[in-house]
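> Before we start, here is the structure in question, set down as structure tokens.
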Amino acid sequence: MLSEPPRLLQLSPVDHVAVATQSLPAGSVTHEGQELRLRQPVRAGHKVALLPIAAGTRILKYGQPFAIAARDIMAGEHVHTHNVQVLHNDDCHQFARQNSVASSHDQSTNPKTNTENKMTFAGFRRADGRVATRNYVAVIGTVNCSSTVVRQIVRAIPPDLLNQYGNIDGVIPLVHSGGCAMEFGGTDHRQLARILGGYARHPNIGAYLLVGLGCETGQGSFLIEQEGLVQLRHSGDVQQSAPPLLVNIQEAGGVRRTIERALAALKELLPEANKCRRESIPASELIIGLKCGGSDGFSGLTANPALGVASDLLIAQGGTALLAETPEIFGGEHLLASRAIHPEVSQKLLDKVAWWREYAAKFGTTLDGNPSFGNKEGGLTTIVEKSLGAITKGGASPLVDVLDYAERVRQHGLNFMDSPGYDPASVTGLIASGAHVVCFTTGRGSCFGSKPAPTLKISTNTSLFERLSEEMDFDAGRVLAGASISQTGRELLEKVLKVASGEKTCSEQQGFGDDEFFPWTPGPVL
């Protein structure tokens with residue numbers, strides 16, 4: 001039986017604040033056997049001062065500073081944007097040094113590889129050995145100028161043709177707003193090619209073709225050469241590799257002829273992709289992307305730490321978890337860096353955060369501009385507070401590698417991929433890096449979905465899960481009702497394995513994923 005949940009939740013014994021697990025009126029409330037008088041109503045997910053806090057004090061949550069008191073704050077007072085100042089990144093690092101924050105990379109607590117009770121899922125095994133959780137065929141646009149044609153190609157596929165291939169999840173258009181007005185061979189060009197190449201190579205795509213205009217900077221031939229793109233085809237019993245089909249509208253003779261040529265190619269690609277069948281695959285071969293969006297005051301209490309448990313359990317099986325959103329580890333990156341397996345990995349993570357600080361400064365802003373309006377309404381006050389909760393998605397596993405945006409995963413275990421916090425851009429990078437399933441925690445609510453890798457959405461509170469019942473896949477709000485983080489995390493991993501085995505997520509059932517492909521390139525549009 002679940003225990004009665006507390007109305008105020010203090011996350012660390014040294015914290016100055018506690019989080020309201022439900023909306024509370026002004027008046028007396030019992031916390032840890034002591035009476036605390038709330039000086040005003042406090043909404044669920046928001047913070048209350050547990051003791052008097054003098055102006056200028058670094059306020060602690062998760063045992064870490066997240067803000068500075070802008071004035072004297074009385075015990076029982078609501079602590080939020082009206083009475084705090086932003087805590088600077090250097091203050092977080094200074095606190096860590098002064099208080100000798102222990103590294104989470106402790107051999108007594110790190111998850112060990114589990115040699116017993118091996119987990120599996122029902123996935124696809126490609127001819128070259130890669131593992132997939134879905135089986136799509138893709139039409140990939142090299143430039144925005146071909147986007148309309150790519151969509152028209154997909155719409156023109158006869159439904160009775162697709163119905164012949166029961167092992168294929170569908171044909172998806174991958175279109176975007178870039179591909180030109182950038183330096184040929186420059187950083188943005190190479191990054192876009194890496195993203196498109198990551199999708200083309202993704203095991204969840206069984207076959208694909210490329211469609212360009214012909215005169216764009218993002219030439220399909222450059223993409224094929226830089227990314228070494230090939231497609232495996234069978235001629236009788238012989239497996240052969242060949243360059244992917246590239247159709248340029250200008251060379252094909254216009255839109256109609258491009259569509260006709262693409263449809264003819266798809267009729268050959270579909271039977272090839274349909275040859276895959278689901279089979280038992282070890283969980284050690286699964287890569288999950290870790291994402292949060294529309295966070296609230298409960299994100300770091302329920303869904304994110306539960307996802308961290310699921311991540312650790314998968315890594316203990318030999319699997320891989322991929323954390324991202326560099327601006328949303330700001331102020332807590334020292335905690336993640338302390339878990340790196342090598343100093344070089346730690347430094348690379350810190351360098352990524354430094355780059356983002358400089359990048360934001362170029363546009364006259366700072367990383368403190370995050371959290372969003374909705375985050376603050378949900379109880380998050382500063383970016384550091386948000387980051388401290390977001391990092392818990394990565395569990396307690398050692399950090400084995402830091403990747404550039406959309407760079408392919410190289411090592412099993414916990415990886416970090418550099419990316420913006422913006423949901424479509426971050427998830428696009430996670431999928432391009434190889435994520436088979438994306439686990440997306442949310443407290444405010446999201447209808448986000450993705451292809452070819454599905455997005456599983458995890459609510460931080462039961463009220464959201466019930467209100468958006470057709471959008472949420474898993475309720476981590478059960479933690480607020482007394483369920484343990486560890487058991488919730490185990491159940492979440494079981495849900496992930498079901499999705500990896502073909503169970504459709506809510507966003508898949510509603511058809512999301514065609515419009516959420518958002519390649520991020522940081523440079524100017526020329």
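Identifiers for the structure tokens are assigned positionally: chains receive A, B, ... in sequence, residues are indexed from 1 per chain, and ligands are indexed from 1 in the order shown.
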DSSP on the backbone: what in segment 216-447 of chain A comes out strand (DSSP E or B), as a ChimeraX atom specification?
/A:231-235,238-242,246-248,278-282,287-292,320-323,340,399-403,413-417,437-442
> For Ala337 of chain A, please output as a PDB file with N, CA and C atoms, in the first residue's frame all residues within 12 Å (counting only C-alpha atoms; exclusion window: fewer than 4 positions along the same chain).

ATOM      1  N   HIS A  93      30.034  26.673  -9.224  1.00  0.00           N
ATOM      2  CA  HIS A  93      31.319  25.981  -9.166  1.00  0.00           C
ATOM      3  C   HIS A  93      32.064  26.314  -7.874  1.00  0.00           C
ATOM      4  N   VAL A 101      31.926  18.847  -3.129  1.00  0.00           N
ATOM      5  CA  VAL A 101      30.861  17.997  -3.654  1.00  0.00           C
ATOM      6  C   VAL A 101      31.458  16.697  -4.161  1.00  0.00           C
ATOM      7  N   ALA A 102      30.980  15.585  -3.632  1.00  0.00           N
ATOM      8  CA  ALA A 102      31.520  14.282  -4.007  1.00  0.00           C
ATOM      9  C   ALA A 102      31.076  13.907  -5.411  1.00  0.00           C
ATOM     10  N   SER A 103      31.968  13.263  -6.127  1.00  0.00           N
ATOM     11  CA  SER A 103      31.623  12.788  -7.462  1.00  0.00           C
ATOM     12  C   SER A 103      30.629  11.655  -7.363  1.00  0.00           C
ATOM     13  N   SER A 104      29.650  11.659  -8.270  1.00  0.00           N
ATOM     14  CA  SER A 104      28.698  10.553  -8.330  1.00  0.00           C
ATOM     15  C   SER A 104      29.345   9.314  -8.910  1.00  0.00           C
ATOM     16  N   HIS A 105      30.564   9.500  -9.462  1.00  0.00           N
ATOM     17  CA  HIS A 105      31.252   8.349 -10.029  1.00  0.00           C
ATOM     18  C   HIS A 105      31.925   7.577  -8.904  1.00  0.00           C
ATOM     19  N   ILE A 329      21.842  22.058 -18.866  1.00  0.00           N
ATOM     20  CA  ILE A 329      22.656  21.516 -17.777  1.00  0.00           C
ATOM     21  C   ILE A 329      23.469  22.657 -17.161  1.00  0.00           C
ATOM     22  N   PHE A 330      23.270  23.886 -17.663  1.00  0.00           N
ATOM     23  CA  PHE A 330      24.000  25.065 -17.224  1.00  0.00           C
ATOM     24  C   PHE A 330      23.800  25.285 -15.725  1.00  0.00           C
ATOM     25  N   GLY A 331      24.896  25.386 -15.003  1.00  0.00           N
ATOM     26  CA  GLY A 331      24.840  25.558 -13.555  1.00  0.00           C
ATOM     27  C   GLY A 331      24.951  24.254 -12.800  1.00  0.00           C
ATOM     28  N   GLY A 332      24.790  23.142 -13.514  1.00  0.00           N
ATOM     29  CA  GLY A 332      24.939  21.827 -12.888  1.00  0.00           C
ATOM     30  C   GLY A 332      25.919  20.950 -13.645  1.00  0.00           C
ATOM     31  N   GLU A 333      26.582  21.544 -14.639  1.00  0.00           N
ATOM     32  CA  GLU A 333      27.471  20.735 -15.478  1.00  0.00           C
ATOM     33  C   GLU A 333      28.643  20.159 -14.700  1.00  0.00           C
ATOM     34  N   ILE A 341      34.493   9.450 -17.208  1.00  0.00           N
ATOM     35  CA  ILE A 341      35.463   8.363 -17.026  1.00  0.00           C
ATOM     36  C   ILE A 341      36.897   8.814 -17.289  1.00  0.00           C
ATOM     37  N   HIS A 342      37.070   9.941 -18.008  1.00  0.00           N
ATOM     38  CA  HIS A 342      38.394  10.493 -18.280  1.00  0.00           C
ATOM     39  C   HIS A 342      38.335  12.009 -18.143  1.00  0.00           C
ATOM     40  N   PRO A 343      39.436  12.644 -17.750  1.00  0.00           N
ATOM     41  CA  PRO A 343      39.453  14.108 -17.688  1.00  0.00           C
ATOM     42  C   PRO A 343      39.123  14.766 -19.029  1.00  0.00           C
ATOM     43  N   GLU A 344      39.503  14.110 -20.129  1.00  0.00           N
ATOM     44  CA  GLU A 344      39.225  14.676 -21.457  1.00  0.00           C
ATOM     45  C   GLU A 344      37.720  14.766 -21.711  1.00  0.00           C
ATOM     46  N   VAL A 345      36.982  13.759 -21.236  1.00  0.00           N
ATOM     47  CA  VAL A 345      35.526  13.759 -21.402  1.00  0.00           C
ATOM     48  C   VAL A 345      34.919  14.880 -20.563  1.00  0.00           C
ATOM     49  N   SER A 346      35.388  15.023 -19.336  1.00  0.00           N
ATOM     50  CA  SER A 346      34.912  16.086 -18.460  1.00  0.00           C
ATOM     51  C   SER A 346      35.153  17.455 -19.078  1.00  0.00           C
ATOM     52  N   GLN A 347      36.366  17.671 -19.586  1.00  0.00           N
ATOM     53  CA  GLN A 347      36.705  18.964 -20.163  1.00  0.00           C
ATOM     54  C   GLN A 347      35.895  19.254 -21.412  1.00  0.00           C
ATOM     55  N   LYS A 348      35.634  18.250 -22.197  1.00  0.00           N
ATOM     56  CA  LYS A 348      34.848  18.463 -23.404  1.00  0.00           C
ATOM     57  C   LYS A 348      33.438  18.931 -23.049  1.00  0.00           C
ATOM     58  N   LEU A 349      32.873  18.366 -21.982  1.00  0.00           N
ATOM     59  CA  LEU A 349      31.546  18.797 -21.546  1.00  0.00           C
ATOM     60  C   LEU A 349      31.581  20.257 -21.096  1.00  0.00           C
ATOM     61  N   LEU A 350      32.575  20.623 -20.301  1.00  0.00           N
ATOM     62  CA  LEU A 350      32.686  22.000 -19.822  1.00  0.00           C
ATOM     63  C   LEU A 350      32.907  22.964 -20.985  1.00  0.00           C
ATOM     64  N   ASP A 351      33.664  22.527 -21.986  1.00  0.00           N
ATOM     65  CA  ASP A 351      33.902  23.364 -23.168  1.00  0.00           C
ATOM     66  C   ASP A 351      32.603  23.606 -23.938  1.00  0.00           C
ATOM     67  N   LYS A 352      31.739  22.607 -23.975  1.00  0.00           N
ATOM     68  CA  LYS A 352      30.453  22.771 -24.671  1.00  0.00           C
ATOM     69  C   LYS A 352      29.610  23.841 -23.986  1.00  0.00           C
ATOM     70  N   VAL A 353      29.571  23.824 -22.660  1.00  0.00           N
ATOM     71  CA  VAL A 353      28.807  24.825 -21.928  1.00  0.00           C
ATOM     72  C   VAL A 353      29.397  26.216 -22.156  1.00  0.00           C
ATOM     73  N   ILE A 391      19.369  17.135 -15.092  1.00  0.00           N
ATOM     74  CA  ILE A 391      20.512  16.221 -15.071  1.00  0.00           C
ATOM     75  C   ILE A 391      20.143  14.871 -14.483  1.00  0.00           C
ATOM     76  N   GLY A 394      19.939  11.525 -16.336  1.00  0.00           N
ATOM     77  CA  GLY A 394      21.115  10.718 -16.620  1.00  0.00           C
ATOM     78  C   GLY A 394      21.478   9.750 -15.514  1.00  0.00           C
ATOM     79  N   ALA A 396      22.891   7.762 -12.382  1.00  0.00           N
ATOM     80  CA  ALA A 396      24.153   7.815 -11.641  1.00  0.00           C
ATOM     81  C   ALA A 396      25.297   7.167 -12.394  1.00  0.00           C
ATOM     82  N   SER A 397      25.082   6.820 -13.655  1.00  0.00           N
ATOM     83  CA  SER A 397      26.103   6.110 -14.415  1.00  0.00           C
ATOM     84  C   SER A 397      27.279   7.028 -14.774  1.00  0.00           C
ATOM     85  N   PRO A 398      28.469   6.462 -14.946  1.00  0.00           N
ATOM     86  CA  PRO A 398      29.606   7.259 -15.408  1.00  0.00           C
ATOM     87  C   PRO A 398      29.341   7.833 -16.797  1.00  0.00           C
ATOM     88  N   LEU A 399      29.851   9.027 -17.043  1.00  0.00           N
ATOM     89  CA  LEU A 399      29.741   9.664 -18.351  1.00  0.00           C
ATOM     90  C   LEU A 399      30.886   9.156 -19.224  1.00  0.00           C
ATOM     91  N   VAL A 400      30.552   8.438 -20.299  1.00  0.00           N
ATOM     92  CA  VAL A 400      31.599   7.782 -21.085  1.00  0.00           C
ATOM     93  C   VAL A 400      32.053   8.594 -22.287  1.00  0.00           C
ATOM     94  N   ASP A 401      31.195   9.532 -22.777  1.00  0.00           N
ATOM     95  CA  ASP A 401      31.589  10.265 -23.982  1.00  0.00           C
ATOM     96  C   ASP A 401      30.727  11.515 -24.117  1.00  0.00           C
ATOM     97  N   VAL A 402      31.278  12.513 -24.793  1.00  0.00           N
ATOM     98  CA  VAL A 402      30.558  13.744 -25.141  1.00  0.00           C
ATOM     99  C   VAL A 402      30.607  13.878 -26.657  1.00  0.00           C
ATOM    100  N   LEU A 414      26.421   5.876 -20.621  1.00  0.00           N
ATOM    101  CA  LEU A 414      25.834   7.212 -20.631  1.00  0.00           C
ATOM    102  C   LEU A 414      26.675   8.138 -21.491  1.00  0.00           C
ATOM    103  N   ASN A 415      26.055   8.702 -22.528  1.00  0.00           N
ATOM    104  CA  ASN A 415      26.686   9.673 -23.416  1.00  0.00           C
ATOM    105  C   ASN A 415      25.974  11.014 -23.262  1.00  0.00           C
ATOM    106  N   PHE A 416      26.683  12.080 -23.583  1.00  0.00           N
ATOM    107  CA  PHE A 416      26.050  13.395 -23.669  1.00  0.00           C
ATOM    108  C   PHE A 416      26.232  13.925 -25.082  1.00  0.00           C
TER     109      PHE A 416
END
> For segment 142-156 of chain A, work out the shell of residues within 6 Å, counting only C-alpha atoms and skipping chain neighbours fewer than 6 positions away, then give it as a ChimeraX atom specification.
/A:173,175-179,212-213,259
> Might you pull out every residue within 12 Å of Thr217 of chain A, with only C-alpha atoms counted and same-chain residues fewer than 6 positions away left off, and present them as a list in words?
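With the cut-off at 12 Å, the set is Thr142, Val143, Asn144, Cys145, Gly178, Gly179, Cys180, Ala181, Met182, Glu183, Phe184, Gly185, Gly186, Asp188, His189, Arg190, Leu192, Ala193, Leu223, Val525 and Leu526 of chain A.
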> Closest to Thr441 of chain A among A:Gly374, A:Gly63, A:Gly294, A:Gly489, using only C-alpha atoms?
A:Gly294
> For Leu388 of chain A, which residue among A:Leu11, A:Ile172, A:Cys439, A:Met119 is the nearest when counting only C-alpha atoms?
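Going through A:Leu11, A:Ile172, A:Cys439, A:Met119 one by one, the smallest distance to Leu388 of chain A is for A:Leu11.
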> Would you please work out which residue, of A:Leu210, A:Leu174, A:Val19, A:Leu323, is nearest to Val42 of chain A when using only C-alpha atoms?
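That would be A:Val19, the residue with the smallest distance to Val42 of chain A.
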> Quick one, how far is atom CA of Ala406 of chain A from atom CA of Lys457 of chain A?
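Atom-to-atom, atom CA of Ala406 of chain A and atom CA of Lys457 of chain A are spaced 21.5 Å apart.
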> List as a list in words the protein and nucleic acid residues near Ala54 of chain A, meaning an atom at most 9 Å away when only C-alpha atoms are counted, but skip any in the same chain fewer than 6 places from it.
Ala69, Ala70, Arg71, Asp72, Ile73 and Met74 of chain A
> One decimal, in Å: what's the spacing between atom CA of Arg278 of chain A and atom CA of Val438 of chain A?
19.7 Å
> Between atom CA of Glu32 of chain A and atom CA of Gly76 of chain A, what distance in Å does the model show, to one decimal?
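It comes out at 13.9 Å.
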> Between A:Ser295, A:Ala340, A:Thr382, A:Lys267, single out the one closest to Asp160 of chain A, counting only C-alpha atoms.
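Residue with the minimum atom-to-atom distance to Asp160 of chain A: A:Lys267.
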> Counting only C-alpha atoms, figure out which residue out of A:Glu325, A:Asp475, A:Glu358, A:Glu494 gets nearest to Tyr405 of chain A.
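Smallest separation from Tyr405 of chain A among the options: A:Glu325.
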> Could you name the residues that touch Thr302 of chain A at 9 Å or less, counting only C-alpha atoms, but leaving out those on the same chain fewer than 5 positions away, as a PyMOL selection string?
chain A and resi 307+459-461+476-480+485+488
> Those residues you just picked out, can you put them in a file as a PDB file, in the first residue's frame with all heavy atoms?

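The resulting file, result37.pdb, is reproduced below:
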ATOM      1  N   LEU A 307      13.357   8.385 -14.824  1.00  0.00           N
ATOM      2  CA  LEU A 307      14.018   8.093 -16.093  1.00  0.00           C
ATOM      3  C   LEU A 307      15.497   7.815 -15.869  1.00  0.00           C
ATOM      4  O   LEU A 307      16.100   6.989 -16.559  1.00  0.00           O
ATOM      5  CB  LEU A 307      13.825   9.264 -17.061  1.00  0.00           C
ATOM      6  CG  LEU A 307      14.418   9.107 -18.457  1.00  0.00           C
ATOM      7  CD1 LEU A 307      13.940   7.821 -19.136  1.00  0.00           C
ATOM      8  CD2 LEU A 307      14.078  10.318 -19.323  1.00  0.00           C
ATOM      9  N   SER A 459       4.679  11.781 -17.899  1.00  0.00           N
ATOM     10  CA  SER A 459       4.157  12.918 -17.139  1.00  0.00           C
ATOM     11  C   SER A 459       4.787  12.969 -15.755  1.00  0.00           C
ATOM     12  O   SER A 459       5.038  11.945 -15.125  1.00  0.00           O
ATOM     13  CB  SER A 459       2.635  12.832 -17.014  1.00  0.00           C
ATOM     14  OG  SER A 459       2.260  11.761 -16.172  1.00  0.00           O
ATOM     15  N   THR A 460       5.024  14.185 -15.274  1.00  0.00           N
ATOM     16  CA  THR A 460       5.610  14.354 -13.949  1.00  0.00           C
ATOM     17  C   THR A 460       4.565  14.312 -12.847  1.00  0.00           C
ATOM     18  O   THR A 460       4.906  14.148 -11.680  1.00  0.00           O
ATOM     19  CB  THR A 460       6.346  15.706 -13.844  1.00  0.00           C
ATOM     20  OG1 THR A 460       5.384  16.772 -13.855  1.00  0.00           O
ATOM     21  CG2 THR A 460       7.311  15.898 -15.002  1.00  0.00           C
ATOM     22  N   ASN A 461       3.285  14.466 -13.212  1.00  0.00           N
ATOM     23  CA  ASN A 461       2.221  14.471 -12.201  1.00  0.00           C
ATOM     24  C   ASN A 461       0.976  13.796 -12.767  1.00  0.00           C
ATOM     25  O   ASN A 461       0.731  13.821 -13.976  1.00  0.00           O
ATOM     26  CB  ASN A 461       1.922  15.892 -11.742  1.00  0.00           C
ATOM     27  CG  ASN A 461       1.471  16.802 -12.870  1.00  0.00           C
ATOM     28  OD1 ASN A 461       0.280  16.867 -13.182  1.00  0.00           O
ATOM     29  ND2 ASN A 461       2.397  17.503 -13.513  1.00  0.00           N
ATOM     30  N   ALA A 476       4.644   9.210 -14.179  1.00  0.00           N
ATOM     31  CA  ALA A 476       5.617   9.181 -13.089  1.00  0.00           C
ATOM     32  C   ALA A 476       5.092   9.937 -11.877  1.00  0.00           C
ATOM     33  O   ALA A 476       5.737   9.940 -10.822  1.00  0.00           O
ATOM     34  CB  ALA A 476       6.943   9.784 -13.545  1.00  0.00           C
ATOM     35  N   GLY A 477       3.908  10.545 -11.990  1.00  0.00           N
ATOM     36  CA  GLY A 477       3.305  11.240 -10.865  1.00  0.00           C
ATOM     37  C   GLY A 477       2.950  10.315  -9.725  1.00  0.00           C
ATOM     38  O   GLY A 477       2.687  10.779  -8.608  1.00  0.00           O
ATOM     39  N   ARG A 478       2.972   9.003  -9.983  1.00  0.00           N
ATOM     40  CA  ARG A 478       2.701   8.021  -8.925  1.00  0.00           C
ATOM     41  C   ARG A 478       3.690   8.171  -7.771  1.00  0.00           C
ATOM     42  O   ARG A 478       3.412   7.751  -6.643  1.00  0.00           O
ATOM     43  CB  ARG A 478       2.754   6.614  -9.506  1.00  0.00           C
ATOM     44  CG  ARG A 478       4.111   6.185 -10.036  1.00  0.00           C
ATOM     45  CD  ARG A 478       4.076   4.883 -10.813  1.00  0.00           C
ATOM     46  NE  ARG A 478       3.435   5.053 -12.110  1.00  0.00           N
ATOM     47  CZ  ARG A 478       3.344   4.075 -13.015  1.00  0.00           C
ATOM     48  NH1 ARG A 478       3.834   2.870 -12.752  1.00  0.00           N
ATOM     49  NH2 ARG A 478       2.768   4.305 -14.181  1.00  0.00           N
ATOM     50  N   VAL A 479       4.870   8.771  -8.069  1.00  0.00           N
ATOM     51  CA  VAL A 479       5.858   8.988  -7.009  1.00  0.00           C
ATOM     52  C   VAL A 479       5.303   9.933  -5.946  1.00  0.00           C
ATOM     53  O   VAL A 479       5.555   9.771  -4.745  1.00  0.00           O
ATOM     54  CB  VAL A 479       7.163   9.558  -7.609  1.00  0.00           C
ATOM     55  CG1 VAL A 479       8.136   9.981  -6.516  1.00  0.00           C
ATOM     56  CG2 VAL A 479       7.814   8.516  -8.530  1.00  0.00           C
ATOM     57  N   LEU A 480       4.521  10.924  -6.365  1.00  0.00           N
ATOM     58  CA  LEU A 480       3.938  11.869  -5.412  1.00  0.00           C
ATOM     59  C   LEU A 480       2.880  11.208  -4.545  1.00  0.00           C
ATOM     60  O   LEU A 480       2.516  11.737  -3.490  1.00  0.00           O
ATOM     61  CB  LEU A 480       3.330  13.058  -6.156  1.00  0.00           C
ATOM     62  CG  LEU A 480       4.306  13.919  -6.952  1.00  0.00           C
ATOM     63  CD1 LEU A 480       3.561  14.972  -7.743  1.00  0.00           C
ATOM     64  CD2 LEU A 480       5.335  14.564  -6.023  1.00  0.00           C
ATOM     65  N   ILE A 485      10.877   5.835  -6.343  1.00  0.00           N
ATOM     66  CA  ILE A 485      11.542   6.212  -7.596  1.00  0.00           C
ATOM     67  C   ILE A 485      12.113   4.978  -8.281  1.00  0.00           C
ATOM     68  O   ILE A 485      12.005   4.826  -9.503  1.00  0.00           O
ATOM     69  CB  ILE A 485      12.673   7.221  -7.311  1.00  0.00           C
ATOM     70  CG1 ILE A 485      12.101   8.571  -6.865  1.00  0.00           C
ATOM     71  CG2 ILE A 485      13.563   7.393  -8.530  1.00  0.00           C
ATOM     72  CD1 ILE A 485      11.478   9.379  -7.977  1.00  0.00           C
ATOM     73  N   THR A 488       9.323   2.847  -9.874  1.00  0.00           N
ATOM     74  CA  THR A 488       8.765   3.585 -11.012  1.00  0.00           C
ATOM     75  C   THR A 488       9.720   3.541 -12.190  1.00  0.00           C
ATOM     76  O   THR A 488       9.301   3.376 -13.342  1.00  0.00           O
ATOM     77  CB  THR A 488       8.474   5.044 -10.604  1.00  0.00           C
ATOM     78  OG1 THR A 488       7.572   5.048  -9.485  1.00  0.00           O
ATOM     79  CG2 THR A 488       7.852   5.817 -11.748  1.00  0.00           C
TER      80      THR A 488
END
> Using only C-alpha atoms, which residue out of A:Ala18, A:Ile249, A:Pro6, A:Glu471 lies closest to Gly33 of chain A?
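With only C-alpha atoms as the atom set, the closest residue is A:Pro6.
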> As a CSV table (one decimal) with C-alpha atoms, in the first residue's frame, please: the residues near Gly434 of chain A (cut-off 12 Å, only C-alpha atoms, same-chain neighbours under 2 positions excluded).

chain,number,residue,atom,x,y,z
A,130,ARG,CA,22.2,-3.1,-37.0
A,131,VAL,CA,19.2,-3.1,-34.7
A,132,ALA,CA,15.9,-1.2,-35.2
A,133,THR,CA,12.7,-0.6,-33.3
A,194,ARG,CA,25.8,14.8,-40.6
A,195,ILE,CA,22.2,15.2,-39.6
A,197,GLY,CA,23.3,11.2,-43.0
A,198,GLY,CA,22.4,10.2,-39.5
A,199,TYR,CA,18.8,9.8,-40.5
A,200,ALA,CA,19.6,8.0,-43.8
A,201,ARG,CA,21.8,5.5,-41.9
A,202,HIS,CA,19.4,5.2,-38.9
A,203,PRO,CA,18.5,1.5,-38.5
A,204,ASN,CA,14.8,2.5,-38.2
A,205,ILE,CA,14.9,3.5,-41.8
A,285,GLU,CA,21.8,-3.1,-28.2
A,286,LEU,CA,19.2,-0.4,-27.4
A,287,ILE,CA,20.0,3.3,-27.4
A,288,ILE,CA,17.5,5.6,-25.7
A,289,GLY,CA,17.4,9.4,-26.0
A,320,THR,CA,23.2,3.1,-24.0
A,321,ALA,CA,21.5,6.3,-22.9
A,322,LEU,CA,22.0,9.7,-24.6
A,403,LEU,CA,29.3,14.0,-28.7
A,405,TYR,CA,25.3,17.5,-32.3
A,406,ALA,CA,24.1,14.6,-34.4
A,407,GLU,CA,27.4,12.7,-34.0
A,408,ARG,CA,27.1,9.0,-34.0
A,409,VAL,CA,27.3,7.1,-30.7
A,410,ARG,CA,30.6,5.4,-30.2
A,411,GLN,CA,30.4,3.8,-26.8
A,412,HIS,CA,27.9,1.9,-24.7
A,415,ASN,CA,26.7,9.7,-23.4
A,417,MET,CA,25.2,15.0,-27.0
A,427,VAL,CA,15.3,15.3,-30.6
A,428,THR,CA,16.4,15.5,-34.2
A,429,GLY,CA,20.0,15.4,-33.0
A,430,LEU,CA,19.3,12.5,-30.7
A,431,ILE,CA,17.8,10.5,-33.5
A,432,ALA,CA,20.6,11.4,-35.9
A,436,HIS,CA,16.1,4.0,-31.2
A,437,VAL,CA,13.5,5.4,-28.7
A,438,VAL,CA,13.2,8.9,-27.2
A,452,PRO,CA,11.6,7.2,-37.4
A,453,ALA,CA,12.3,6.8,-33.7
> Run DSSP on the backbone and give me the residues of segment 144-185 of chain A it puts in helix (DSSP H, G or I), as a ChimeraX atom specification.
/A:144-155,159-162
